[in-house]
file my_file39.cif (mmCIF, C-alpha atoms)
data_coords
loop_
_atom_site.group_PDB
_atom_site.id
_atom_site.type_symbol
_atom_site.label_atom_id
_atom_site.label_comp_id
_atom_site.auth_asym_id
_atom_site.auth_seq_id
_atom_site.Cartn_x
_atom_site.Cartn_y
_atom_site.Cartn_z
ATOM 1 C CA MET X 1 145.620 153.415 239.290
ATOM 2 C CA LEU X 2 148.796 151.412 240.040
ATOM 3 C CA PHE X 3 147.030 149.670 242.899
ATOM 4 C CA ALA X 4 144.410 148.596 240.366
ATOM 5 C CA LEU X 5 147.264 146.988 238.443
ATOM 6 C CA ILE X 6 147.969 144.771 241.454
ATOM 7 C CA LEU X 7 144.342 143.773 241.583
ATOM 8 C CA SER X 8 143.965 143.093 237.883
ATOM 9 C CA ALA X 9 147.044 140.888 237.873
ATOM 10 C CA THR X 10 145.619 138.625 240.540
ATOM 11 C CA CYS X 11 142.280 136.907 240.832
ATOM 12 C CA SER X 12 139.077 138.923 240.521
ATOM 13 C CA ALA X 13 138.395 138.792 244.255
ATOM 14 C CA ALA X 14 141.892 139.962 245.192
ATOM 15 C CA GLU X 15 140.744 143.090 247.003
ATOM 16 C CA GLN X 16 138.890 140.899 249.489
ATOM 17 C CA ASN X 17 141.954 138.713 250.019
ATOM 18 C CA PHE X 18 144.507 141.172 251.417
ATOM 19 C CA ASP X 19 145.034 144.380 253.366
ATOM 20 C CA THR X 20 147.503 147.034 252.230
ATOM 21 C CA LEU X 21 149.943 147.835 255.043
ATOM 22 C CA ALA X 22 152.200 150.403 253.320
ATOM 23 C CA THR X 23 153.174 151.456 249.805
ATOM 24 C CA THR X 24 155.643 153.581 247.879
ATOM 25 C CA TYR X 25 152.957 154.323 245.300
ATOM 26 C CA VAL X 26 153.060 157.839 243.829
ATOM 27 C CA GLU X 27 150.758 158.319 240.839
ATOM 28 C CA GLU X 28 153.297 159.878 238.503
ATOM 29 C CA ASN X 29 156.096 157.456 239.409
ATOM 30 C CA GLY X 30 154.914 154.425 237.408
ATOM 31 C CA ALA X 31 156.314 151.900 239.877
ATOM 32 C CA ALA X 32 155.567 150.882 243.428
ATOM 33 C CA LEU X 33 156.478 148.489 246.201
ATOM 34 C CA THR X 34 153.535 147.616 248.441
ATOM 35 C CA LEU X 35 153.439 145.551 251.608
ATOM 36 C CA ILE X 36 150.282 143.440 251.811
ATOM 37 C CA ARG X 37 148.871 140.995 254.368
ATOM 38 C CA MET X 38 146.689 138.087 253.287
ATOM 39 C CA LYS X 39 143.393 138.061 255.184
ATOM 40 C CA SER X 40 143.062 134.279 255.035
ATOM 41 C CA ASN X 41 146.276 133.355 256.841
ATOM 42 C CA GLY X 42 148.073 136.594 257.814
ATOM 43 C CA GLU X 43 151.011 135.946 255.480
ATOM 44 C CA ILE X 44 152.807 139.079 254.350
ATOM 45 C CA PHE X 45 154.043 139.716 250.795
ATOM 46 C CA PHE X 46 155.708 142.502 248.903
ATOM 47 C CA ALA X 47 153.793 143.430 245.737
ATOM 48 C CA ILE X 48 155.940 145.020 243.030
ATOM 49 C CA THR X 49 154.198 146.914 240.241
ATOM 50 C CA GLU X 50 155.519 148.541 237.104
ATOM 51 C CA ALA X 51 153.010 150.518 235.038
ATOM 52 C CA SER X 52 154.722 150.776 231.639
ATOM 53 C CA SER X 53 154.750 146.999 231.170
ATOM 54 C CA LYS X 54 151.610 146.442 233.276
ATOM 55 C CA SER X 55 153.663 143.978 235.321
ATOM 56 C CA VAL X 56 153.259 142.753 238.850
ATOM 57 C CA ALA X 57 155.261 140.343 240.976
ATOM 58 C CA PHE X 58 155.268 139.210 244.577
ATOM 59 C CA VAL X 59 157.949 138.319 247.117
ATOM 60 C CA LYS X 60 157.151 136.579 250.386
ATOM 61 C CA TYR X 61 158.028 138.784 253.365
ATOM 62 C CA ALA X 62 160.938 137.837 255.600
ATOM 63 C CA PRO X 63 162.764 140.210 257.978
ATOM 64 C CA LYS X 64 166.106 139.367 256.342
ATOM 65 C CA ILE X 65 164.732 140.379 252.931
ATOM 66 C CA TYR X 66 163.004 143.485 254.320
ATOM 67 C CA ASN X 67 166.231 144.689 255.960
ATOM 68 C CA PHE X 68 168.658 143.531 253.246
ATOM 69 C CA TYR X 69 170.187 146.980 252.661
ATOM 70 C CA LEU X 70 170.707 147.760 256.355
ATOM 71 C CA ASN X 71 173.164 145.023 257.292
ATOM 72 C CA LYS X 72 176.798 144.620 256.299
ATOM 73 C CA ASP X 73 179.026 141.637 257.005
ATOM 74 C CA GLU X 74 182.227 141.687 259.080
ATOM 75 C CA HIS X 75 184.128 143.071 256.060
ATOM 76 C CA GLY X 76 181.763 146.013 255.590
ATOM 77 C CA LEU X 77 180.097 144.471 252.540
ATOM 78 C CA TYR X 78 176.464 143.694 251.819
ATOM 79 C CA SER X 79 175.534 140.044 251.502
ATOM 80 C CA PRO X 80 173.848 139.037 248.260
ATOM 81 C CA LEU X 81 170.081 139.325 248.425
ATOM 82 C CA MET X 82 168.314 136.031 247.723
ATOM 83 C CA PHE X 83 164.557 135.689 247.279
ATOM 84 C CA VAL X 84 161.917 134.150 245.024
ATOM 85 C CA LEU X 85 160.201 136.477 242.547
ATOM 86 C CA ILE X 86 156.621 135.270 241.973
ATOM 87 C CA CYS X 87 155.250 136.425 238.608
ATOM 88 C CA PRO X 88 151.537 135.618 238.142
ATOM 89 C CA GLU X 89 149.836 135.343 234.772
ATOM 90 C CA GLU X 90 153.058 135.007 232.824
ATOM 91 C CA ASN X 91 153.367 133.271 229.458
ATOM 92 C CA ARG X 92 156.039 130.711 228.728
ATOM 93 C CA GLY X 93 158.476 131.261 225.937
ATOM 94 C CA GLY X 94 160.624 134.164 227.082
ATOM 95 C CA ALA X 95 164.362 134.236 227.616
ATOM 96 C CA ASP X 96 163.912 133.415 231.339
ATOM 97 C CA GLU X 97 161.528 130.497 230.726
ATOM 98 C CA ASN X 98 163.880 127.861 232.190
ATOM 99 C CA LEU X 99 164.637 129.836 235.338
ATOM 100 C CA GLY X 100 162.963 128.662 238.530
ATOM 101 C CA VAL X 101 159.739 126.687 238.272
ATOM 102 C CA TRP X 102 156.255 127.098 236.859
ATOM 103 C CA ASP X 103 152.894 126.353 238.459
ATOM 104 C CA GLU X 104 150.534 126.677 235.484
ATOM 105 C CA ASN X 105 150.921 130.364 234.534
ATOM 106 C CA VAL X 106 152.755 131.431 237.709
ATOM 107 C CA HIS X 107 156.508 131.744 237.191
ATOM 108 C CA MET X 108 158.609 131.543 240.376
ATOM 109 C CA ILE X 109 162.185 132.695 239.865
ATOM 110 C CA PRO X 110 164.907 132.393 242.523
ATOM 111 C CA VAL X 111 166.936 135.620 242.517
ATOM 112 C CA TYR X 112 170.522 136.243 243.611
ATOM 113 C CA ALA X 113 171.308 139.968 243.543
ATOM 114 C CA LEU X 114 174.689 141.571 244.145
ATOM 115 C CA PHE X 115 174.480 145.223 245.147
ATOM 116 C CA ASP X 116 176.039 148.064 247.073
ATOM 117 C CA VAL X 117 174.574 151.146 248.703
ATOM 118 C CA LEU X 118 176.421 154.418 248.248
ATOM 119 C CA GLN X 119 176.728 156.943 251.075
ATOM 120 C CA ASN X 120 173.961 159.036 249.531
ATOM 121 C CA GLY X 121 171.641 156.002 249.789
ATOM 122 C CA GLN X 122 171.677 155.223 246.062
ATOM 123 C CA MET X 123 171.665 151.516 245.335
ATOM 124 C CA ILE X 124 173.945 150.184 242.621
ATOM 125 C CA PHE X 125 173.972 146.713 241.087
ATOM 126 C CA ASP X 126 176.820 144.539 239.835
ATOM 127 C CA ALA X 127 176.590 143.772 236.119
ATOM 128 C CA PRO X 128 174.995 141.705 234.657
ATOM 129 C CA TYR X 129 172.753 142.456 237.639
ATOM 130 C CA PHE X 130 170.851 139.352 238.710
ATOM 131 C CA TYR X 131 171.329 135.601 238.684
ATOM 132 C CA SER X 132 169.062 132.582 239.031
ATOM 133 C CA GLY X 133 168.954 128.809 238.775
ATOM 134 C CA GLU X 134 167.153 126.594 236.310
ATOM 135 C CA GLU X 135 164.224 124.288 237.083
ATOM 136 C CA THR X 136 164.376 124.720 240.871
ATOM 137 C CA LEU X 137 163.505 127.212 243.597
ATOM 138 C CA THR X 138 166.564 126.279 245.643
ATOM 139 C CA PRO X 139 169.558 126.238 243.293
ATOM 140 C CA SER X 140 172.908 125.101 244.637
ATOM 141 C CA HIS X 141 174.474 127.616 242.225
ATOM 142 C CA TYR X 142 172.923 130.734 240.749
ATOM 143 C CA HIS X 143 174.679 130.415 237.409
ATOM 144 C CA SER X 144 172.060 131.695 234.947
ATOM 145 C CA ASN X 145 171.533 135.375 234.180
ATOM 146 C CA ILE X 146 168.077 136.880 234.497
ATOM 147 C CA THR X 147 167.788 138.543 231.088
ATOM 148 C CA GLU X 148 164.169 139.553 230.480
ATOM 149 C CA ASP X 149 163.794 143.320 230.928
ATOM 150 C CA VAL X 150 160.519 142.997 232.811
ATOM 151 C CA HIS X 151 162.071 140.737 235.464
ATOM 152 C CA THR X 152 165.119 142.968 235.796
ATOM 153 C CA ARG X 153 162.921 146.085 236.195
ATOM 154 C CA LEU X 154 160.730 144.393 238.830
ATOM 155 C CA ILE X 155 163.791 143.304 240.818
ATOM 156 C CA LYS X 156 165.307 146.804 240.650
ATOM 157 C CA ILE X 157 162.011 148.354 241.785
ATOM 158 C CA PHE X 158 161.841 145.876 244.656
ATOM 159 C CA MET X 159 165.329 146.728 245.826
ATOM 160 C CA THR X 160 165.437 150.484 245.194
ATOM 161 C CA HIS X 161 162.004 151.156 246.711
ATOM 162 C CA MET X 162 162.741 149.256 249.930
ATOM 163 C CA PRO X 163 164.141 152.269 251.868
ATOM 164 C CA GLU X 164 160.997 154.296 251.028
ATOM 165 C CA LEU X 165 158.820 151.353 252.042
ATOM 166 C CA HIS X 166 160.612 151.345 255.406
ATOM 167 C CA ASP X 167 159.704 155.028 255.793
ATOM 168 C CA GLN X 168 156.053 154.307 254.940
ATOM 169 C CA VAL X 169 155.880 151.350 257.353
ATOM 170 C CA GLN X 170 157.271 153.547 260.131
ATOM 171 C CA ALA X 171 154.937 156.469 259.282
ATOM 172 C CA ARG X 172 151.919 154.133 259.512
ATOM 173 C CA ASN X 173 153.143 152.447 262.716
ATOM 174 C CA VAL X 174 152.952 149.029 261.068
ATOM 175 C CA VAL X 175 154.340 146.296 263.312
ATOM 176 C CA LEU X 176 156.092 143.544 261.391
ATOM 177 C CA PRO X 177 157.334 140.174 262.635
#

call {"tool": "encode", "arguments": {"input": "my_file39.cif", "output": "structure tokens"}}
result
Amino acid sequence: MLFALILSATCSAAEQNFDTLATTYVEENGAALTLIRMKSNGEIFFAITEASSKSVAFVKYAPKIYNFYLNKDEHGLYSPLMFVLICPEENRGGADENLGVWDENVHMIPVYALFDVLQNGQMIFDAPYFYSGEETLTPSHYHSNITEDVHTRLIKIFMTHMPELHDQVQARNVVLP
């Protein structure tokens, strides 16, 4: 059912356009992080789904993003996670409207997320959670807060499901660049 949400949020022929590599989908969970590969060009994306709001977003795969919670700097701290959240079929007019850029009804939001991982593996976020820039994908400063609940939930799903996605990738022997 949640996988159908991914498909309905993209074009009608989406199922012919990508292969599912691994997912954290569990029917009763209501949220999932799925790794997909485009058939046309082999590009890899993370698909983030959240059932209660019927929301979906994508993040382009990069090893640094995939492994963000595994690497600390020389001071034992995690570097901020930076990525672009791609939200298809979104309507203008919300509180985050000026963040990032729009391509028709696709909203692309640069994200700057401060976080920590506790010893038990739980991820915690620094309030007010996530930052962005206005009218660009490459802000020099991430000075604007991401305030829409749907964007905040999708970002939290993306980050908190990443360890489980790693487990699923390993269990399926998926080789990533």

call {"tool": "resolve_selection", "arguments": {"input": "my_file39.cif", "expression": "the PyMOL selection byres ((chain X and resi 21-30) around 7)", "output": "JSON, numbers by chain"}}
result
{"X": [19, 20, 31, 32, 33, 34, 35, 36, 37, 50, 51, 52, 161, 164, 165, 168, 169, 174]}

call {"tool": "write_last_selection", "arguments": {"input": "my_file39.cif", "atoms": "C-alpha atoms", "output": "PDB file, keeping the file's coordinate frame"}}
result
ATOM      1  CA  ASP X  19     145.034 144.380 253.366  1.00  0.00           C
ATOM      2  CA  THR X  20     147.503 147.034 252.230  1.00  0.00           C
ATOM      3  CA  ALA X  31     156.314 151.900 239.877  1.00  0.00           C
ATOM      4  CA  ALA X  32     155.567 150.882 243.428  1.00  0.00           C
ATOM      5  CA  LEU X  33     156.478 148.489 246.201  1.00  0.00           C
ATOM      6  CA  THR X  34     153.535 147.616 248.441  1.00  0.00           C
ATOM      7  CA  LEU X  35     153.439 145.551 251.608  1.00  0.00           C
ATOM      8  CA  ILE X  36     150.282 143.440 251.811  1.00  0.00           C
ATOM      9  CA  ARG X  37     148.871 140.995 254.368  1.00  0.00           C
ATOM     10  CA  GLU X  50     155.519 148.541 237.104  1.00  0.00           C
ATOM     11  CA  ALA X  51     153.010 150.518 235.038  1.00  0.00           C
ATOM     12  CA  SER X  52     154.722 150.776 231.639  1.00  0.00           C
ATOM     13  CA  HIS X 161     162.004 151.156 246.711  1.00  0.00           C
ATOM     14  CA  GLU X 164     160.997 154.296 251.028  1.00  0.00           C
ATOM     15  CA  LEU X 165     158.820 151.353 252.042  1.00  0.00           C
ATOM     16  CA  GLN X 168     156.053 154.307 254.940  1.00  0.00           C
ATOM     17  CA  VAL X 169     155.880 151.350 257.353  1.00  0.00           C
ATOM     18  CA  VAL X 174     152.952 149.029 261.068  1.00  0.00           C
TER      19      VAL X 174
END

call {"tool": "atom_distance", "arguments": {"input": "my_file39.cif", "atom1": "CA of Thr160 (chain X)", "atom2": "CA of Tyr112 (chain X)"}}
result
15.2 Å

call {"tool": "residues_around", "arguments": {"input": "my_file39.cif", "residues": "Leu70 (chain X)", "least_positions_apart": "4", "cutoff": "10 Å", "atoms": "all atoms listed in the file", "output": "PyMOL selection string"}}
result
chain X and resi 64+66+78+117+163

call {"tool": "write_last_selection", "arguments": {"input": "my_file39.cif", "atoms": "C-alpha atoms", "output": "mmCIF file, in the coordinates of the input"}}
result
data_model
loop_
_atom_site.group_PDB
_atom_site.id
_atom_site.type_symbol
_atom_site.label_atom_id
_atom_site.label_comp_id
_atom_site.auth_asym_id
_atom_site.auth_seq_id
_atom_site.Cartn_x
_atom_site.Cartn_y
_atom_site.Cartn_z
ATOM 1 C CA LYS X 64 166.106 139.367 256.342
ATOM 2 C CA TYR X 66 163.004 143.485 254.320
ATOM 3 C CA TYR X 78 176.464 143.694 251.819
ATOM 4 C CA VAL X 117 174.574 151.146 248.703
ATOM 5 C CA PRO X 163 164.141 152.269 251.868
#

call {"tool": "closest_residue", "arguments": {"input": "my_file39.cif", "among": "X:Ile65, X:Val56, X:Met38, X:Phe18", "to": "His166 (chain X)", "atoms": "all atoms listed in the file"}}
result
X:Ile65

call {"tool": "closest_residue", "arguments": {"input": "my_file39.cif", "among": "X:Gly76, X:Leu99, X:Asp116, X:Lys54", "to": "Thr147 (chain X)", "atoms": "all atoms listed in the file"}}
result
X:Leu99
